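Enquirer: One file: input-v9.pdb (PDB, N, CA and C atoms).
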ATOM      1  N   MET A   1      -7.270 -19.888 -14.245
ATOM      2  CA  MET A   1      -6.432 -18.756 -13.921
ATOM      3  C   MET A   1      -7.231 -17.507 -13.535
ATOM      4  N   PRO A   2      -8.391 -17.239 -14.180
ATOM      5  CA  PRO A   2      -9.161 -16.052 -13.783
ATOM      6  C   PRO A   2      -9.595 -16.098 -12.312
ATOM      7  N   TRP A   3      -9.855 -17.308 -11.796
ATOM      8  CA  TRP A   3     -10.254 -17.418 -10.395
ATOM      9  C   TRP A   3      -9.096 -17.092  -9.461
ATOM     10  N   VAL A   4      -7.901 -17.465  -9.841
ATOM     11  CA  VAL A   4      -6.726 -17.134  -9.032
ATOM     12  C   VAL A   4      -6.531 -15.621  -9.020
ATOM     13  N   VAL A   5      -6.645 -15.000 -10.192
ATOM     14  CA  VAL A   5      -6.523 -13.537 -10.285
ATOM     15  C   VAL A   5      -7.604 -12.870  -9.435
ATOM     16  N   LEU A   6      -8.813 -13.401  -9.495
ATOM     17  CA  LEU A   6      -9.914 -12.836  -8.715
ATOM     18  C   LEU A   6      -9.641 -12.941  -7.214
ATOM     19  N   LEU A   7      -9.142 -14.068  -6.764
ATOM     20  CA  LEU A   7      -8.858 -14.235  -5.337
ATOM     21  C   LEU A   7      -7.701 -13.343  -4.882
ATOM     22  N   VAL A   8      -6.677 -13.213  -5.709
ATOM     23  CA  VAL A   8      -5.576 -12.296  -5.370
ATOM     24  C   VAL A   8      -6.104 -10.865  -5.315
ATOM     25  N   SER A   9      -6.984 -10.522  -6.232
ATOM     26  CA  SER A   9      -7.591  -9.189  -6.228
ATOM     27  C   SER A   9      -8.432  -8.961  -4.973
ATOM     28  N   ALA A  10      -9.090 -10.002  -4.504
ATOM     29  CA  ALA A  10      -9.884  -9.896  -3.279
ATOM     30  C   ALA A  10      -8.981  -9.688  -2.069
ATOM     31  N   VAL A  11      -7.842 -10.366  -2.048
ATOM     32  CA  VAL A  11      -6.872 -10.146  -0.969
ATOM     33  C   VAL A  11      -6.393  -8.691  -1.006
ATOM     34  N   LEU A  12      -6.125  -8.200  -2.212
ATOM     35  CA  LEU A  12      -5.698  -6.806  -2.346
ATOM     36  C   LEU A  12      -6.805  -5.835  -1.939
ATOM     37  N   GLU A  13      -8.064  -6.244  -2.099
ATOM     38  CA  GLU A  13      -9.163  -5.407  -1.610
ATOM     39  C   GLU A  13      -9.069  -5.255  -0.093
ATOM     40  N   ALA A  14      -8.786  -6.354   0.582
ATOM     41  CA  ALA A  14      -8.626  -6.285   2.040
ATOM     42  C   ALA A  14      -7.437  -5.399   2.409
ATOM     43  N   VAL A  15      -6.383  -5.464   1.611
ATOM     44  CA  VAL A  15      -5.202  -4.625   1.869
ATOM     45  C   VAL A  15      -5.565  -3.157   1.720
ATOM     46  N   TRP A  16      -6.237  -2.796   0.603
ATOM     47  CA  TRP A  16      -6.537  -1.373   0.430
ATOM     48  C   TRP A  16      -7.576  -0.882   1.426
ATOM     49  N   ALA A  17      -8.515  -1.732   1.812
ATOM     50  CA  ALA A  17      -9.499  -1.312   2.809
ATOM     51  C   ALA A  17      -8.830  -1.055   4.163
ATOM     52  N   THR A  18      -7.911  -1.933   4.527
ATOM     53  CA  THR A  18      -7.174  -1.744   5.782
ATOM     54  C   THR A  18      -6.303  -0.500   5.712
ATOM     55  N   ALA A  19      -5.619  -0.305   4.589
ATOM     56  CA  ALA A  19      -4.771   0.884   4.415
ATOM     57  C   ALA A  19      -5.607   2.152   4.440
ATOM     58  N   LEU A  20      -6.797   2.095   3.871
ATOM     59  CA  LEU A  20      -7.682   3.260   3.908
ATOM     60  C   LEU A  20      -8.013   3.640   5.341
ATOM     61  N   GLY A  21      -8.302   2.646   6.156
ATOM     62  CA  GLY A  21      -8.600   2.903   7.559
ATOM     63  C   GLY A  21      -7.422   3.477   8.325
ATOM     64  N   ARG A  22      -6.237   3.125   7.889
ATOM     65  CA  ARG A  22      -5.030   3.597   8.584
ATOM     66  C   ARG A  22      -4.433   4.864   7.965
ATOM     67  N   SER A  23      -5.028   5.334   6.865
ATOM     68  CA  SER A  23      -4.466   6.501   6.178
ATOM     69  C   SER A  23      -4.783   7.817   6.873
ATOM     70  N   ASP A  24      -5.677   7.769   7.865
ATOM     71  CA  ASP A  24      -6.047   8.973   8.615
ATOM     72  C   ASP A  24      -6.478  10.093   7.669
ATOM     73  N   GLY A  25      -7.462   9.763   6.826
ATOM     74  CA  GLY A  25      -7.969  10.766   5.889
ATOM     75  C   GLY A  25      -6.946  11.146   4.835
ATOM     76  N   PHE A  26      -6.134  10.194   4.438
ATOM     77  CA  PHE A  26      -5.066  10.362   3.442
ATOM     78  C   PHE A  26      -3.947  11.284   3.911
ATOM     79  N   SER A  27      -3.788  11.419   5.226
ATOM     80  CA  SER A  27      -2.702  12.253   5.745
ATOM     81  C   SER A  27      -1.474  11.436   6.154
ATOM     82  N   ALA A  28      -1.601  10.115   6.188
ATOM     83  CA  ALA A  28      -0.461   9.231   6.485
ATOM     84  C   ALA A  28       0.096   8.736   5.153
ATOM     85  N   PRO A  29       1.279   9.223   4.748
ATOM     86  CA  PRO A  29       1.785   8.938   3.403
ATOM     87  C   PRO A  29       1.949   7.451   3.067
ATOM     88  N   LEU A  30       2.516   6.663   3.959
ATOM     89  CA  LEU A  30       2.741   5.256   3.641
ATOM     90  C   LEU A  30       1.423   4.508   3.458
ATOM     91  N   ALA A  31       0.504   4.682   4.381
ATOM     92  CA  ALA A  31      -0.795   4.016   4.276
ATOM     93  C   ALA A  31      -1.549   4.485   3.027
ATOM     94  N   THR A  32      -1.426   5.756   2.690
ATOM     95  CA  THR A  32      -2.079   6.283   1.493
ATOM     96  C   THR A  32      -1.482   5.661   0.238
ATOM     97  N   CYS A  33      -0.164   5.512   0.189
ATOM     98  CA  CYS A  33       0.490   4.870  -0.962
ATOM     99  C   CYS A  33       0.075   3.413  -1.084
ATOM    100  N   VAL A  34       0.045   2.702   0.035
ATOM    101  CA  VAL A  34      -0.403   1.303   0.019
ATOM    102  C   VAL A  34      -1.842   1.233  -0.486
ATOM    103  N   PHE A  35      -2.687   2.133  -0.026
ATOM    104  CA  PHE A  35      -4.079   2.185  -0.462
ATOM    105  C   PHE A  35      -4.165   2.350  -1.982
ATOM    106  N   VAL A  36      -3.472   3.323  -2.522
ATOM    107  CA  VAL A  36      -3.558   3.629  -3.956
ATOM    108  C   VAL A  36      -3.051   2.458  -4.798
ATOM    109  N   VAL A  37      -1.907   1.906  -4.446
ATOM    110  CA  VAL A  37      -1.328   0.800  -5.219
ATOM    111  C   VAL A  37      -2.206  -0.447  -5.126
ATOM    112  N   ALA A  38      -2.627  -0.792  -3.914
ATOM    113  CA  ALA A  38      -3.465  -1.989  -3.744
ATOM    114  C   ALA A  38      -4.813  -1.812  -4.437
ATOM    115  N   LEU A  39      -5.368  -0.613  -4.378
ATOM    116  CA  LEU A  39      -6.643  -0.352  -5.049
ATOM    117  C   LEU A  39      -6.510  -0.533  -6.557
ATOM    118  N   ALA A  40      -5.461   0.045  -7.136
ATOM    119  CA  ALA A  40      -5.255  -0.070  -8.583
ATOM    120  C   ALA A  40      -5.061  -1.525  -8.997
ATOM    121  N   LEU A  41      -4.225  -2.260  -8.263
ATOM    122  CA  LEU A  41      -3.994  -3.666  -8.591
ATOM    123  C   LEU A  41      -5.252  -4.511  -8.395
ATOM    124  N   SER A  42      -5.991  -4.234  -7.338
ATOM    125  CA  SER A  42      -7.210  -4.978  -7.049
ATOM    126  C   SER A  42      -8.260  -4.759  -8.139
ATOM    127  N   MET A  43      -8.463  -3.514  -8.512
ATOM    128  CA  MET A  43      -9.444  -3.209  -9.567
ATOM    129  C   MET A  43      -9.001  -3.771 -10.913
ATOM    130  N   GLY A  44      -7.699  -3.660 -11.194
ATOM    131  CA  GLY A  44      -7.191  -4.221 -12.442
ATOM    132  C   GLY A  44      -7.389  -5.726 -12.511
ATOM    133  N   GLY A  45      -7.120  -6.406 -11.415
ATOM    134  CA  GLY A  45      -7.330  -7.851 -11.364
ATOM    135  C   GLY A  45      -8.790  -8.222 -11.503
ATOM    136  N   LEU A  46      -9.656  -7.471 -10.835
ATOM    137  CA  LEU A  46     -11.098  -7.720 -10.962
ATOM    138  C   LEU A  46     -11.528  -7.539 -12.414
ATOM    139  N   GLY A  47     -11.079  -6.458 -13.028
ATOM    140  CA  GLY A  47     -11.428  -6.211 -14.425
ATOM    141  C   GLY A  47     -10.947  -7.323 -15.347
ATOM    142  N   HIS A  48      -9.756  -7.829 -15.081
ATOM    143  CA  HIS A  48      -9.214  -8.927 -15.883
ATOM    144  C   HIS A  48     -10.022 -10.217 -15.663
ATOM    145  N   ALA A  49     -10.336 -10.508 -14.424
ATOM    146  CA  ALA A  49     -11.048 -11.755 -14.105
ATOM    147  C   ALA A  49     -12.450 -11.788 -14.694
ATOM    148  N   VAL A  50     -13.134 -10.645 -14.700
ATOM    149  CA  VAL A  50     -14.524 -10.655 -15.186
ATOM    150  C   VAL A  50     -14.611 -10.644 -16.704
ATOM    151  N   ARG A  51     -13.476 -10.715 -17.352
ATOM    152  CA  ARG A  51     -13.512 -10.964 -18.793
ATOM    153  C   ARG A  51     -13.938 -12.405 -19.048
ATOM    154  N   THR A  52     -13.722 -13.283 -18.066
ATOM    155  CA  THR A  52     -14.067 -14.696 -18.177
ATOM    156  C   THR A  52     -15.190 -15.078 -17.217
ATOM    157  N   ILE A  53     -15.118 -14.584 -15.996
ATOM    158  CA  ILE A  53     -16.113 -14.879 -14.963
ATOM    159  C   ILE A  53     -17.241 -13.856 -15.089
ATOM    160  N   PRO A  54     -18.505 -14.268 -15.027
ATOM    161  CA  PRO A  54     -19.596 -13.295 -15.100
ATOM    162  C   PRO A  54     -19.451 -12.212 -14.021
ATOM    163  N   ILE A  55     -19.810 -10.992 -14.365
ATOM    164  CA  ILE A  55     -19.590  -9.850 -13.475
ATOM    165  C   ILE A  55     -20.302 -10.019 -12.129
ATOM    166  N   GLY A  56     -21.501 -10.541 -12.123
ATOM    167  CA  GLY A  56     -22.228 -10.718 -10.865
ATOM    168  C   GLY A  56     -21.503 -11.656  -9.916
ATOM    169  N   THR A  57     -21.070 -12.781 -10.452
ATOM    170  CA  THR A  57     -20.333 -13.755  -9.648
ATOM    171  C   THR A  57     -18.978 -13.197  -9.238
ATOM    172  N   GLY A  58     -18.267 -12.609 -10.185
ATOM    173  CA  GLY A  58     -16.944 -12.064  -9.891
ATOM    174  C   GLY A  58     -16.990 -10.980  -8.836
ATOM    175  N   TYR A  59     -17.947 -10.069  -8.968
ATOM    176  CA  TYR A  59     -18.045  -8.976  -8.006
ATOM    177  C   TYR A  59     -18.445  -9.490  -6.622
ATOM    178  N   ALA A  60     -19.368 -10.443  -6.587
ATOM    179  CA  ALA A  60     -19.792 -11.011  -5.297
ATOM    180  C   ALA A  60     -18.629 -11.719  -4.600
ATOM    181  N   VAL A  61     -17.849 -12.464  -5.349
ATOM    182  CA  VAL A  61     -16.692 -13.156  -4.770
ATOM    183  C   VAL A  61     -15.659 -12.141  -4.310
ATOM    184  N   TRP A  62     -15.363 -11.156  -5.136
ATOM    185  CA  TRP A  62     -14.360 -10.123  -4.823
ATOM    186  C   TRP A  62     -14.730  -9.373  -3.543
ATOM    187  N   THR A  63     -15.985  -8.915  -3.464
ATOM    188  CA  THR A  63     -16.391  -8.173  -2.267
ATOM    189  C   THR A  63     -16.522  -9.074  -1.053
ATOM    190  N   GLY A  64     -17.040 -10.287  -1.246
ATOM    191  CA  GLY A  64     -17.219 -11.199  -0.118
ATOM    192  C   GLY A  64     -15.902 -11.609   0.515
ATOM    193  N   VAL A  65     -14.967 -12.043  -0.313
ATOM    194  CA  VAL A  65     -13.657 -12.452   0.204
ATOM    195  C   VAL A  65     -12.930 -11.241   0.795
ATOM    196  N   GLY A  66     -12.969 -10.129   0.079
ATOM    197  CA  GLY A  66     -12.308  -8.920   0.576
ATOM    198  C   GLY A  66     -12.866  -8.451   1.906
ATOM    199  N   ALA A  67     -14.180  -8.453   2.024
ATOM    200  CA  ALA A  67     -14.800  -8.024   3.275
ATOM    201  C   ALA A  67     -14.472  -8.992   4.413
ATOM    202  N   ALA A  68     -14.569 -10.284   4.138
ATOM    203  CA  ALA A  68     -14.270 -11.274   5.179
ATOM    204  C   ALA A  68     -12.824 -11.148   5.650
ATOM    205  N   LEU A  69     -11.902 -11.020   4.708
ATOM    206  CA  LEU A  69     -10.491 -10.891   5.089
ATOM    207  C   LEU A  69     -10.221  -9.594   5.849
ATOM    208  N   THR A  70     -10.908  -8.526   5.474
ATOM    209  CA  THR A  70     -10.736  -7.254   6.177
ATOM    210  C   THR A  70     -11.165  -7.386   7.636
ATOM    211  N   VAL A  71     -12.295  -8.019   7.871
ATOM    212  CA  VAL A  71     -12.782  -8.197   9.244
ATOM    213  C   VAL A  71     -11.873  -9.156  10.015
ATOM    214  N   ILE A  72     -11.464 -10.236   9.367
ATOM    215  CA  ILE A  72     -10.575 -11.199  10.032
ATOM    216  C   ILE A  72      -9.270 -10.513  10.436
ATOM    217  N   TRP A  73      -8.704  -9.723   9.536
ATOM    218  CA  TRP A  73      -7.459  -9.007   9.850
ATOM    219  C   TRP A  73      -7.685  -8.020  11.001
ATOM    220  N   ALA A  74      -8.800  -7.307  10.967
ATOM    221  CA  ALA A  74      -9.095  -6.344  12.038
ATOM    222  C   ALA A  74      -9.242  -7.053  13.382
ATOM    223  N   MET A  75      -9.858  -8.224  13.386
ATOM    224  CA  MET A  75      -9.982  -8.973  14.637
ATOM    225  C   MET A  75      -8.618  -9.498  15.085
ATOM    226  N   ALA A  76      -7.802  -9.951  14.141
ATOM    227  CA  ALA A  76      -6.482 -10.497  14.486
ATOM    228  C   ALA A  76      -5.551  -9.423  15.055
ATOM    229  N   THR A  77      -5.707  -8.197  14.585
ATOM    230  CA  THR A  77      -4.842  -7.109  15.051
ATOM    231  C   THR A  77      -5.432  -6.350  16.239
ATOM    232  N   GLY A  78      -6.628  -6.724  16.653
ATOM    233  CA  GLY A  78      -7.246  -6.077  17.799
ATOM    234  C   GLY A  78      -8.008  -4.805  17.474
ATOM    235  N   ASP A  79      -8.123  -4.459  16.191
ATOM    236  CA  ASP A  79      -8.885  -3.270  15.811
ATOM    237  C   ASP A  79     -10.386  -3.505  15.905
ATOM    238  N   GLU A  80     -10.770  -4.755  15.956
ATOM    239  CA  GLU A  80     -12.188  -5.118  16.066
ATOM    240  C   GLU A  80     -12.286  -6.315  16.995
ATOM    241  N   THR A  81     -13.351  -6.375  17.756
ATOM    242  CA  THR A  81     -13.502  -7.476  18.705
ATOM    243  C   THR A  81     -13.962  -8.750  18.003
ATOM    244  N   PHE A  82     -13.497  -9.877  18.538
ATOM    245  CA  PHE A  82     -13.913 -11.187  18.045
ATOM    246  C   PHE A  82     -15.168 -11.611  18.786
ATOM    247  N   SER A  83     -16.050 -12.282  18.080
ATOM    248  CA  SER A  83     -17.185 -12.928  18.730
ATOM    249  C   SER A  83     -17.548 -14.171  17.933
ATOM    250  N   PRO A  84     -18.106 -15.157  18.599
ATOM    251  CA  PRO A  84     -18.538 -16.360  17.871
ATOM    252  C   PRO A  84     -19.563 -16.028  16.778
ATOM    253  N   ALA A  85     -20.420 -15.058  17.023
ATOM    254  CA  ALA A  85     -21.420 -14.682  16.021
ATOM    255  C   ALA A  85     -20.737 -14.132  14.766
ATOM    256  N   LYS A  86     -19.717 -13.289  14.944
ATOM    257  CA  LYS A  86     -18.983 -12.763  13.789
ATOM    258  C   LYS A  86     -18.296 -13.901  13.043
ATOM    259  N   ALA A  87     -17.700 -14.813  13.772
ATOM    260  CA  ALA A  87     -17.028 -15.946  13.135
ATOM    261  C   ALA A  87     -18.022 -16.775  12.320
ATOM    262  N   LEU A  88     -19.208 -16.995  12.865
ATOM    263  CA  LEU A  88     -20.240 -17.750  12.158
ATOM    264  C   LEU A  88     -20.685 -17.019  10.892
ATOM    265  N   LEU A  89     -20.899 -15.720  10.992
ATOM    266  CA  LEU A  89     -21.330 -14.942   9.829
ATOM    267  C   LEU A  89     -20.243 -14.864   8.764
ATOM    268  N   LEU A  90     -18.994 -14.734   9.179
ATOM    269  CA  LEU A  90     -17.895 -14.742   8.211
ATOM    270  C   LEU A  90     -17.780 -16.097   7.526
ATOM    271  N   THR A  91     -18.021 -17.167   8.271
ATOM    272  CA  THR A  91     -18.038 -18.503   7.690
ATOM    273  C   THR A  91     -19.131 -18.598   6.624
ATOM    274  N   GLY A  92     -20.259 -17.960   6.888
ATOM    275  CA  GLY A  92     -21.345 -17.928   5.905
ATOM    276  C   GLY A  92     -20.944 -17.220   4.620
ATOM    277  N   ILE A  93     -20.211 -16.122   4.745
ATOM    278  CA  ILE A  93     -19.732 -15.410   3.557
ATOM    279  C   ILE A  93     -18.805 -16.311   2.747
ATOM    280  N   VAL A  94     -17.867 -16.950   3.431
ATOM    281  CA  VAL A  94     -16.921 -17.838   2.744
ATOM    282  C   VAL A  94     -17.667 -19.007   2.097
ATOM    283  N   ALA A  95     -18.650 -19.565   2.780
ATOM    284  CA  ALA A  95     -19.434 -20.671   2.213
ATOM    285  C   ALA A  95     -20.189 -20.210   0.964
ATOM    286  N   ALA A  96     -20.724 -18.999   0.988
ATOM    287  CA  ALA A  96     -21.430 -18.467  -0.179
ATOM    288  C   ALA A  96     -20.476 -18.286  -1.356
ATOM    289  N   VAL A  97     -19.277 -17.811  -1.092
ATOM    290  CA  VAL A  97     -18.274 -17.649  -2.152
ATOM    291  C   VAL A  97     -17.918 -19.003  -2.756
ATOM    292  N   ILE A  98     -17.719 -19.999  -1.916
ATOM    293  CA  ILE A  98     -17.419 -21.349  -2.413
ATOM    294  C   ILE A  98     -18.585 -21.853  -3.258
ATOM    295  N   GLY A  99     -19.802 -21.602  -2.793
ATOM    296  CA  GLY A  99     -20.983 -22.005  -3.555
ATOM    297  C   GLY A  99     -21.038 -21.356  -4.925
ATOM    298  N   LEU A 100     -20.669 -20.079  -5.005
ATOM    299  CA  LEU A 100     -20.660 -19.401  -6.296
ATOM    300  C   LEU A 100     -19.624 -19.994  -7.236
ATOM    301  N   LYS A 101     -18.533 -20.474  -6.693
ATOM    302  CA  LYS A 101     -17.496 -21.093  -7.524
ATOM    303  C   LYS A 101     -17.949 -22.473  -8.002
ATOM    304  N   VAL A 102     -18.614 -23.213  -7.143
ATOM    305  CA  VAL A 102     -19.011 -24.580  -7.456
ATOM    306  C   VAL A 102     -20.167 -24.621  -8.455
ATOM    307  N   LEU A 103     -21.113 -23.712  -8.321
ATOM    308  CA  LEU A 103     -22.276 -23.706  -9.216
ATOM    309  C   LEU A 103     -21.884 -23.224 -10.608
ATOM    310  N   PRO A 104     -22.574 -23.729 -11.624
ATOM    311  CA  PRO A 104     -22.314 -23.223 -12.982
ATOM    312  C   PRO A 104     -22.608 -21.726 -13.033
ATOM    313  N   SER A 105     -21.767 -20.982 -13.719
ATOM    314  CA  SER A 105     -21.968 -19.534 -13.760
ATOM    315  C   SER A 105     -22.623 -19.070 -15.045
ATOM    316  N   ARG A 106     -22.739 -19.945 -16.010
ATOM    317  CA  ARG A 106     -23.388 -19.590 -17.267
ATOM    318  C   ARG A 106     -24.552 -20.556 -17.513
ATOM    319  N   PRO A 107     -25.624 -20.098 -18.152
ATOM    320  CA  PRO A 107     -26.798 -20.950 -18.365
ATOM    321  C   PRO A 107     -26.516 -22.245 -19.110
ATOM    322  N   ASP A 108     -25.533 -22.261 -19.995
ATOM    323  CA  ASP A 108     -25.264 -23.454 -20.796
ATOM    324  C   ASP A 108     -24.301 -24.437 -20.141
ATOM    325  N   GLU A 109     -23.878 -24.161 -18.903
ATOM    326  CA  GLU A 109     -22.924 -25.061 -18.238
ATOM    327  C   GLU A 109     -23.639 -26.166 -17.510
TER
END
Could the structure of this file be written out as structure tokens, please?
Expert:
Amino acid sequence: MPWVVLLVSAVLEAVWATALGRSDGFSAPLATCVFVVALALSMGGLGHAVRTIPIGTGYAVWTGVGAALTVIWAMATGDETFSPAKALLLTGIVAAVIGLKVLPSRPDE
């Protein structure tokens, strides 16, 4: 369950990052509200997940998935250009996150 919470929190990271970009310096009320709510939920979920998942692994997964989803969303909406190189590098981030999940996270595992 902590991994599910962590992944949902990472999705919310992408939401708040996108909302931050659209908040126009916090002058757009709806985007600012989305930013604040998604940020609070994302941080709360991260905090909950790292009670079980080591902080290094949890934070790396949270930022990696969140960053990858933010870029993917920006490319899908046309805010950022697509390139095969970006797709390859994003695939690398996702592969690293999967690797962190697959490998034992504690010395005694």
Enquirer: Set the distance at 8 Å and use only N, CA and C atoms: which residues neighbour Thr63 of chain A once local chain neighbours fewer than 4 positions away are removed? I'd like the list as JSON, numbers by chain.
Expert: {"A": [9, 10, 13, 57, 58, 59, 67, 68, 69]}
Enquirer: Could you list, as a list in words, every residue within 8 Å of Ile93 of chain A, counting only N, CA and C atoms and ignoring same-chain residues fewer than 6 positions away?
Expert: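 Residues near the query, excluding close chain neighbours: Gly64, Val65, Ala68, Ala87 and Gly99 of chain A.
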Enquirer: Of the candidates A:Ile53, A:Gly47, A:Ala60, A:Ser27, which one gets nearest to Ala96 of chain A if we count only N, CA and C atoms?
Expert: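 Selected residue with least distance to Ala96 of chain A: A:Ala60.
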Enquirer: Using the chain letters and numbers from the file, which residues does the PyMOL selection byres ((chain A and resi 15) around 7) grab, as a JSON list (two decimals) with N, CA and C atoms, in the frame of the given file?
Expert:
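selection-v7.json, written as the output of this step:
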[["chain", "number", "residue", "atom", "x", "y", "z"],
["A", 10, "ALA", "N", -9.09, -10.00, -4.50],
["A", 10, "ALA", "CA", -9.88, -9.90, -3.28],
["A", 10, "ALA", "C", -8.98, -9.69, -2.07],
["A", 11, "VAL", "N", -7.84, -10.37, -2.05],
["A", 11, "VAL", "CA", -6.87, -10.15, -0.97],
["A", 11, "VAL", "C", -6.39, -8.69, -1.01],
["A", 12, "LEU", "N", -6.12, -8.20, -2.21],
["A", 12, "LEU", "CA", -5.70, -6.81, -2.35],
["A", 12, "LEU", "C", -6.80, -5.84, -1.94],
["A", 13, "GLU", "N", -8.06, -6.24, -2.10],
["A", 13, "GLU", "CA", -9.16, -5.41, -1.61],
["A", 13, "GLU", "C", -9.07, -5.26, -0.09],
["A", 14, "ALA", "N", -8.79, -6.35, 0.58],
["A", 14, "ALA", "CA", -8.63, -6.28, 2.04],
["A", 14, "ALA", "C", -7.44, -5.40, 2.41],
["A", 16, "TRP", "N", -6.24, -2.80, 0.60],
["A", 16, "TRP", "CA", -6.54, -1.37, 0.43],
["A", 16, "TRP", "C", -7.58, -0.88, 1.43],
["A", 17, "ALA", "N", -8.52, -1.73, 1.81],
["A", 17, "ALA", "CA", -9.50, -1.31, 2.81],
["A", 17, "ALA", "C", -8.83, -1.06, 4.16],
["A", 18, "THR", "N", -7.91, -1.93, 4.53],
["A", 18, "THR", "CA", -7.17, -1.74, 5.78],
["A", 18, "THR", "C", -6.30, -0.50, 5.71],
["A", 19, "ALA", "N", -5.62, -0.30, 4.59],
["A", 19, "ALA", "CA", -4.77, 0.88, 4.42],
["A", 19, "ALA", "C", -5.61, 2.15, 4.44],
["A", 20, "LEU", "N", -6.80, 2.10, 3.87],
["A", 20, "LEU", "CA", -7.68, 3.26, 3.91],
["A", 20, "LEU", "C", -8.01, 3.64, 5.34],
["A", 34, "VAL", "N", 0.04, 2.70, 0.04],
["A", 34, "VAL", "CA", -0.40, 1.30, 0.02],
["A", 34, "VAL", "C", -1.84, 1.23, -0.49],
["A", 35, "PHE", "N", -2.69, 2.13, -0.03],
["A", 35, "PHE", "CA", -4.08, 2.18, -0.46],
["A", 35, "PHE", "C", -4.16, 2.35, -1.98],
["A", 38, "ALA", "N", -2.63, -0.79, -3.91],
["A", 38, "ALA", "CA", -3.46, -1.99, -3.74],
["A", 38, "ALA", "C", -4.81, -1.81, -4.44],
["A", 39, "LEU", "N", -5.37, -0.61, -4.38],
["A", 39, "LEU", "CA", -6.64, -0.35, -5.05],
["A", 39, "LEU", "C", -6.51, -0.53, -6.56],
["A", 66, "GLY", "N", -12.97, -10.13, 0.08],
["A", 66, "GLY", "CA", -12.31, -8.92, 0.58],
["A", 66, "GLY", "C", -12.87, -8.45, 1.91],
["A", 70, "THR", "N", -10.91, -8.53, 5.47],
["A", 70, "THR", "CA", -10.74, -7.25, 6.18],
["A", 70, "THR", "C", -11.16, -7.39, 7.64]]
Enquirer: Work out how far atom CA of Thr77 of chain A is from atom N of Thr91 of chain A, in Å to one decimal.
Expert: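 For atom N of Thr91 of chain A relative to atom CA of Thr77 of chain A, the distance reads 17.9 Å.
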Enquirer: Would you work out the distance separating atom CA of Leu89 of chain A from atom CA of Leu6 of chain A, expressed in Å to one decimal?
Expert: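 So the answer is 21.9 Å.
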Enquirer: Between atom CA of Thr52 of chain A and atom CA of Pro2 of chain A, what is the distance in Å, rounded to a tenth?
Expert: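 Separation between atom CA of Thr52 of chain A and atom CA of Pro2 of chain A: 6.7 Å.
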Enquirer: Counting only C-alpha atoms, which of A:Ala95, A:Val8, A:Val102, A:Pro84 gets nearest to Ser42 of chain A?
Expert: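 The shortest atom-to-atom distance to Ser42 of chain A comes from A:Val8.
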Enquirer: Produce the centre coordinates and the three edge lengths, each in Å to one decimal, of the box along x, y and z that contains all listed atoms of segment 5-10 of chain A with 5 Å added on each side, as AutoDock Vina command-line options.
Expert:
--center_x -7.7 --center_y -12.0 --center_z -6.2 --size_x 14.3 --size_y 16.0 --size_z 18.2
